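The structure appears right after this line, and notes come after that.
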Amino acid sequence: MPRKPEPQRALGHVIRRRRKELGLSQEEVALDAGTDQSRISRIENAGANPGFALVERIAQALDLEPGELAKMAQELQGRE
């Protein structure tokens with residue numbers, strides 16, 4: 001059975017997937033979220049664990065509510 005992604009990895013995966021669905025670059029998301037491109041890259045690659053305020057801003061940049069973003073990550077982990 002494949003291993004379920006840990007929360008940080010799942011969040012990064014969901015952010016990357018949503019960003020690509022919207023046709024946005026890491027730089028565009030970073031500018032909208034008030035951070036830099038390297039931080040978005042680290043989050044997407046599970047190398048950084050963002051605080052809630054940054055998750056809120058990233059969600060807004062991805063046209064999502066923070067709860068929607070969290071739910072998508074939880075679903076990826078196989079949780080309800």
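Residues are named by chain letter and number: chains run A, B, ... in the order of the structure tokens, numbers start at 1 in each chain, and ligands are numbered from 1 in the order shown.
Neighbours of Ala61 (chain A) closer than or equal to 8 Å, with only C-alpha atoms counted and sequence neighbours fewer than 3 positions away skipped, come out as Val29, Asp32, Ala33, Arg57, Ile58 and Leu64 of chain A.
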Can I get the selected residues back with all heavy atoms, as a compact mmCIF listing (two decimals), in the first residue's frame?
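What follows is the written file out21.txt:
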```
# COMPACT_ATOMS: atom_id res chain seq x y z
N VAL A 29 2.19 33.73 -7.46
CA VAL A 29 1.58 33.37 -6.18
C VAL A 29 2.30 34.08 -5.04
O VAL A 29 1.68 34.64 -4.14
CB VAL A 29 1.56 31.84 -5.97
CG1 VAL A 29 1.10 31.49 -4.56
CG2 VAL A 29 0.67 31.17 -7.00
N ASP A 32 1.32 37.78 -4.86
CA ASP A 32 -0.03 37.92 -4.31
C ASP A 32 -0.08 37.59 -2.82
O ASP A 32 -0.91 38.13 -2.09
CB ASP A 32 -1.02 37.03 -5.06
CG ASP A 32 -1.38 37.56 -6.43
OD1 ASP A 32 -1.05 38.73 -6.74
OD2 ASP A 32 -1.99 36.81 -7.21
N ALA A 33 0.78 36.67 -2.38
CA ALA A 33 0.77 36.23 -0.98
C ALA A 33 1.72 37.04 -0.10
O ALA A 33 1.82 36.80 1.10
CB ALA A 33 1.14 34.75 -0.91
N ARG A 57 -2.80 33.73 3.12
CA ARG A 57 -2.48 34.57 1.95
C ARG A 57 -2.26 33.72 0.70
O ARG A 57 -2.67 34.12 -0.41
CB ARG A 57 -1.25 35.43 2.25
CG ARG A 57 -1.51 36.45 3.35
CD ARG A 57 -0.43 37.50 3.47
NE ARG A 57 0.92 36.98 3.50
CZ ARG A 57 1.63 36.71 4.59
NH1 ARG A 57 1.09 36.88 5.80
NH2 ARG A 57 2.88 36.28 4.50
N ILE A 58 -1.64 32.56 0.84
CA ILE A 58 -1.45 31.67 -0.30
C ILE A 58 -2.81 31.18 -0.80
O ILE A 58 -3.06 31.16 -2.01
CB ILE A 58 -0.53 30.48 0.06
CG1 ILE A 58 0.91 30.97 0.27
CG2 ILE A 58 -0.58 29.40 -1.03
CD1 ILE A 58 1.85 29.93 0.84
N LEU A 64 -8.87 30.46 -3.11
CA LEU A 64 -9.46 29.48 -2.19
C LEU A 64 -9.60 30.10 -0.81
O LEU A 64 -8.88 31.04 -0.48
CB LEU A 64 -8.56 28.25 -2.06
CG LEU A 64 -8.34 27.36 -3.26
CD1 LEU A 64 -7.24 26.35 -2.97
CD2 LEU A 64 -9.63 26.65 -3.64
```
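With only C-alpha atoms taken into account, the protein and nucleic acid residues at most 8 Å from Ala73 (chain A) (excluding it and anything under 4 positions from it in its own chain) are Pro7, Ala10, Leu11, His13, Val14, Leu69 and Gln77 of chain A.
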Counting only C-alpha atoms, the option among A:Arg17, A:Gly67, A:Gln60, A:Gln8 closest to Leu31 (chain A): A:Gln60
Separation of CA of Arg16 (chain A) from CA of Glu44 (chain A), in Å and rounded to one decimal: 5.9 Å
Backbone-only DSSP, helix (DSSP H, G or I) members of chain A, as a count of residues only: 52
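As for CA of Gln26 (chain A) and CA of Ser38 (chain A), they are spaced 8.2 Å apart.
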Residue with smallest distance to Ala48 (chain A) - pool A:Ser25, A:Arg9, A:Ala70, A:Leu76, counting only C-alpha atoms: A:Arg9
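Across the structure, CA of Lys71 (chain A) and CA of Glu21 (chain A) are spaced 17.2 Å apart.
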